[in-house]
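Colleague: Dropping a structure here in structure tokens format, bear with me for questions.
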Amino acid sequence: MKYRFFAVPALDPEVAASELNGFLGSVRVANLEKNLIADGQRSFWAVCVAYWEGGAPAAGRGARIDYREVFDEKDFALFARLREAILDETAPAGRFRQFVIADPKTRIIHAACFQDRVLHHALMHLAGPVLERTMVPTTYACRPGKGPLAGVHRVQRNVRRFPWLVKIDIAKYFASVDHKILLDLLDRRFKGRQGLALMARILGSYETDPGKGLPIGSLTSQHFANFYLDGLDRFLLEDLGVAGHVRYMDDVIWWCASRGEAKASLQEATEWLVAKRRLALHRNSQVNRSAAGVTFCGFRVKPGALLLSRRRRRRYSEQRTSLEQAFVHGRIGALELQARFASVLAITAHGDSLSWRRQELRRRPCPIEG
């Protein structure tokens with residue numbers, strides 16, 4: 001069995017998804033894992049494909065799966081070892097495969113070994129719905145029926161309603177999650193020594209510093225990291241009584257009636273994060289009028305418009321130029337240019353981008369004649 005990894009941007013998935021789909025059609029897939037790596041507008045899906053080389057097996061609709069054709073004896077032996085490790089309380093194995101992505105900044109992704117990924121999915125199949133029920137409605141990461149675009153639309157409704165906003169971003173969030181605090185929070189939600197002990201071993205299998213850190217790329221990390229800030233959501237909404245609130249993982253925005261109220265709430269939230277979660281904020285935290293707009297999940301959100309963020313505009317321009325140059329130099333034909341440009345154009349989807357794209361064409365005319 002072999003493995004291949006893909007990084008599919010959550011906001012602009014079309015190009016990477018096309019590559020992934022092409023690969024899936026050319027191999028016999030044994031298993032596919034996908035985890036959302038939530039990082040604001042830089043969020044992406046980390047996809048691990050386990051496969052055998054060769055064509056996909058033919059199977060009619062409703063056909064019974066013979067798992068002996070999907071998993072070999074080595075895999076069944078692995079499942080047996082995992083069962084014993086769970087019963088013996090020695091799971092997880094704590095082995096990770098590392099790879100690096102650089103979009104837009106360099107990050108190290110830790111993909112758990114196959115045995116641990118099976119364990120993570122089994123655990124979150126049971127624990128995930130419990131954590132989901134704790135979340136306030138206005139947090140949007142890693143949740144069914146939510147997502148970045150839904151969060152963006154909620155932000156726009158709020159900038160139309162409330163005059164002042166506060167936006168924060170937590171410094172090195174995944175690397176800063178405190179294991180003891182997280183385990184104490186989990187202990188309030190789950191009963192049973194064995195289950196909590198398993199969660200503790202999963203947390204202990206990875207550290208950035210002693211007792212700190214979650215591996216980016218792990219399914220459990222996404223759920224635990226999202227749950228870790230649920231207390232901040234409730235502090236803002238219930239204790240401070242802010243007018244509106246939206247969170248996408250560690251990107252948090254809330255709204256207030258006045259500048260003074262906004263500044264005071266920022267100070268109290270900062271102190272709460274230090275005292276209750278041992279987290280620090282980036283220096284780019286801001287208090288601003290809602291009418292000025294705010295950048296969130298790839299868009300510049302204003303009361304009357306949904307504009308593309310600077311990063312989205314840059315990505316569109318770079319990919320458009322790359323395709324045009326490939327066509328001019330004969331590396332791709334007209335049909336491929338047309339098909340691939342549809343994916344580039346999708347980068348601007350959902351935003352009010354027509355006027356900007358026309359300006360972009362005037363600044364950088366298309367080199368293709370006719």
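In the structure tokens, each chain is lettered A, B, ... as it comes, each chain's residues begin at 1, and ligands are numbered from 1 in order of appearance.
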Using only C-alpha atoms, which residues sit within 6 Å of stretch 177-183 of chain A once same-chain residues fewer than 6 positions away are excluded, as an MDAnalysis selection string?
Modeller: chainID A and resid 211:213
Colleague: If you run DSSP on this backbone, which residues of stretch 28-251 of chain A come out as strand (DSSP E or B), and could you give them as number ranges by chain?
Modeller: A: 28-37, 39, 41, 44-53, 96-102, 106-112, 139, 164-170, 178, 209, 212, 244-248, 251
Colleague: Would you pick out the contacts of stretch 277-287 of chain A at 10 Å or less, using only C-alpha atoms, so that residues sharing its chain but fewer than 2 positions from it are not included, and give the list as JSON, numbers by chain?
Modeller: {"A": [164, 165, 166, 167, 168, 169, 170, 171, 172, 173, 176, 177, 178, 181, 182, 228, 229, 231, 232, 250, 252, 253, 254, 255, 256, 259, 260, 262, 263, 266, 269, 270, 271, 272, 273, 274, 275, 289, 290, 294]}
Colleague: Counting only C-alpha atoms, which of A:Leu240, A:Leu323, A:Ile101, A:Ala122 gets nearest to A:Ser43?
Modeller: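 Of A:Leu240, A:Leu323, A:Ile101, A:Ala122, the one nearest A:Ser43, counting only C-alpha atoms, is A:Ile101.
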Colleague: Looking at only C-alpha atoms, which of A:Leu32, A:Val155, A:Leu149, A:Ala243 is the one that sits closest to A:Gly351?
Modeller: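 Smallest distance to A:Gly351 is found for A:Leu149.
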Colleague: What are the DSSP helix (DSSP H, G or I) residues of stretch 287-324 of chain A, as a VMD selection string?
Modeller: chain A and resid 290 to 292 310 to 324
Colleague: Please list as an mmCIF file with N, CA and C atoms, in the first residue's frame every residue within 12 Å of A:Glu132, counting only C-alpha atoms and excluding residues in the same chain fewer than 5 positions away.
Modeller:
data_model
loop_
_atom_site.group_PDB
_atom_site.id
_atom_site.type_symbol
_atom_site.label_atom_id
_atom_site.label_comp_id
_atom_site.auth_asym_id
_atom_site.auth_seq_id
_atom_site.Cartn_x
_atom_site.Cartn_y
_atom_site.Cartn_z
ATOM 1 N N MET A 124 -13.794 10.197 17.572
ATOM 2 C CA MET A 124 -14.588 11.387 17.271
ATOM 3 C C MET A 124 -15.976 11.037 16.748
ATOM 4 N N HIS A 125 -16.162 9.824 16.247
ATOM 5 C CA HIS A 125 -17.514 9.386 15.874
ATOM 6 C C HIS A 125 -18.433 9.434 17.085
ATOM 7 N N LEU A 126 -17.874 9.150 18.257
ATOM 8 C CA LEU A 126 -18.661 9.189 19.489
ATOM 9 C C LEU A 126 -18.556 10.537 20.197
ATOM 10 N N ALA A 127 -17.348 11.093 20.254
ATOM 11 C CA ALA A 127 -17.138 12.323 21.024
ATOM 12 C C ALA A 127 -17.516 13.581 20.248
ATOM 13 N N PRO A 137 -24.028 29.006 18.395
ATOM 14 C CA PRO A 137 -24.360 28.959 16.964
ATOM 15 C C PRO A 137 -23.437 29.791 16.077
ATOM 16 N N THR A 139 -20.100 30.048 15.959
ATOM 17 C CA THR A 139 -18.755 29.574 15.641
ATOM 18 C C THR A 139 -18.870 28.622 14.459
ATOM 19 N N TYR A 140 -17.972 28.745 13.476
ATOM 20 C CA TYR A 140 -18.221 28.170 12.149
ATOM 21 C C TYR A 140 -17.198 27.148 11.676
ATOM 22 N N ALA A 141 -16.118 26.893 12.413
ATOM 23 C CA ALA A 141 -15.092 25.967 11.942
ATOM 24 C C ALA A 141 -15.447 24.528 12.321
ATOM 25 N N CYS A 142 -15.180 23.595 11.385
ATOM 26 C CA CYS A 142 -15.266 22.152 11.671
ATOM 27 C C CYS A 142 -16.646 21.735 12.169
ATOM 28 N N ARG A 143 -17.696 22.299 11.581
ATOM 29 C CA ARG A 143 -19.035 21.980 12.049
ATOM 30 C C ARG A 143 -19.946 21.717 10.860
ATOM 31 N N PRO A 144 -20.794 20.701 10.946
ATOM 32 C CA PRO A 144 -21.726 20.428 9.842
ATOM 33 C C PRO A 144 -22.683 21.594 9.642
ATOM 34 N N GLY A 145 -22.885 21.964 8.378
ATOM 35 C CA GLY A 145 -23.800 23.045 8.060
ATOM 36 C C GLY A 145 -23.234 24.431 8.272
ATOM 37 N N LYS A 146 -21.952 24.527 8.633
ATOM 38 C CA LYS A 146 -21.323 25.833 8.851
ATOM 39 C C LYS A 146 -20.284 26.057 7.758
ATOM 40 N N ARG A 189 -17.141 17.339 30.233
ATOM 41 C CA ARG A 189 -18.087 16.926 29.192
ATOM 42 C C ARG A 189 -18.243 15.416 29.084
ATOM 43 N N GLN A 222 -8.517 19.187 15.353
ATOM 44 C CA GLN A 222 -9.506 20.153 14.881
ATOM 45 C C GLN A 222 -10.649 20.294 15.879
ATOM 46 N N HIS A 223 -11.148 19.169 16.361
ATOM 47 C CA HIS A 223 -12.256 19.216 17.312
ATOM 48 C C HIS A 223 -11.816 19.793 18.658
ATOM 49 N N PHE A 224 -10.655 19.352 19.138
ATOM 50 C CA PHE A 224 -10.180 19.839 20.435
ATOM 51 C C PHE A 224 -9.875 21.336 20.392
ATOM 52 N N ASN A 226 -11.144 23.608 18.386
ATOM 53 C CA ASN A 226 -12.377 24.383 18.286
ATOM 54 C C ASN A 226 -13.081 24.447 19.649
ATOM 55 N N PHE A 227 -13.081 23.331 20.362
ATOM 56 C CA PHE A 227 -13.717 23.266 21.679
ATOM 57 C C PHE A 227 -12.974 24.116 22.712
ATOM 58 N N ASP A 230 -14.399 27.542 23.141
ATOM 59 C CA ASP A 230 -15.829 27.698 23.394
ATOM 60 C C ASP A 230 -16.076 28.585 24.608
#
Colleague: Nearest to A:Asn288 among A:Arg311, A:His350, A:Ile332, A:Val159, with distances taken over only C-alpha atoms: which residue is it?
Modeller: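 Distance minimum relative to A:Asn288 lands on A:Val159.
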Colleague: Pick out the residues sitting within 12 Å of A:Val118, and hand them over as a PyMOL selection string; count only C-alpha atoms, and ignore anything fewer than 2 positions along from it in its own chain.
Modeller: chain A and resi 31-33+75+78-83+86+91-93+112-116+120-125+218-220
Colleague: Please indicate the distance in Å from atom CA of A:Asp352 to atom CA of A:Leu306, rounded to one decimal place.
Modeller: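 Atom CA of A:Leu306 lies at a distance of 5.5 Å from atom CA of A:Asp352.
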Colleague: To one decimal place, how far is atom CA of A:Ala349 from atom CA of A:Phe296 in Å?
Modeller: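 Computing the Euclidean distance for atom CA of A:Ala349 and atom CA of A:Phe296 yields 15.2 Å.
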Colleague: Taking only C-alpha atoms into account, which of A:Ala150, A:Leu335, A:Ala111, A:Ala197 comes nearest A:Cys297?
Modeller: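 Between A:Ala150, A:Leu335, A:Ala111, A:Ala197, the residue approaching A:Cys297 most closely is A:Ala150.
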Colleague: Which one of A:Trp356, A:Tyr248, A:Phe23, A:Phe299 sits closest to A:Gly147 if you count only C-alpha atoms?
Modeller: A:Tyr248
Colleague: Using only C-alpha atoms, pick whichever of A:Gly330, A:Gly151, A:Gly195, A:Gly304 has the shortest atom-to-atom distance to A:Arg247.
Modeller: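 The closest residue to A:Arg247 is A:Gly151.
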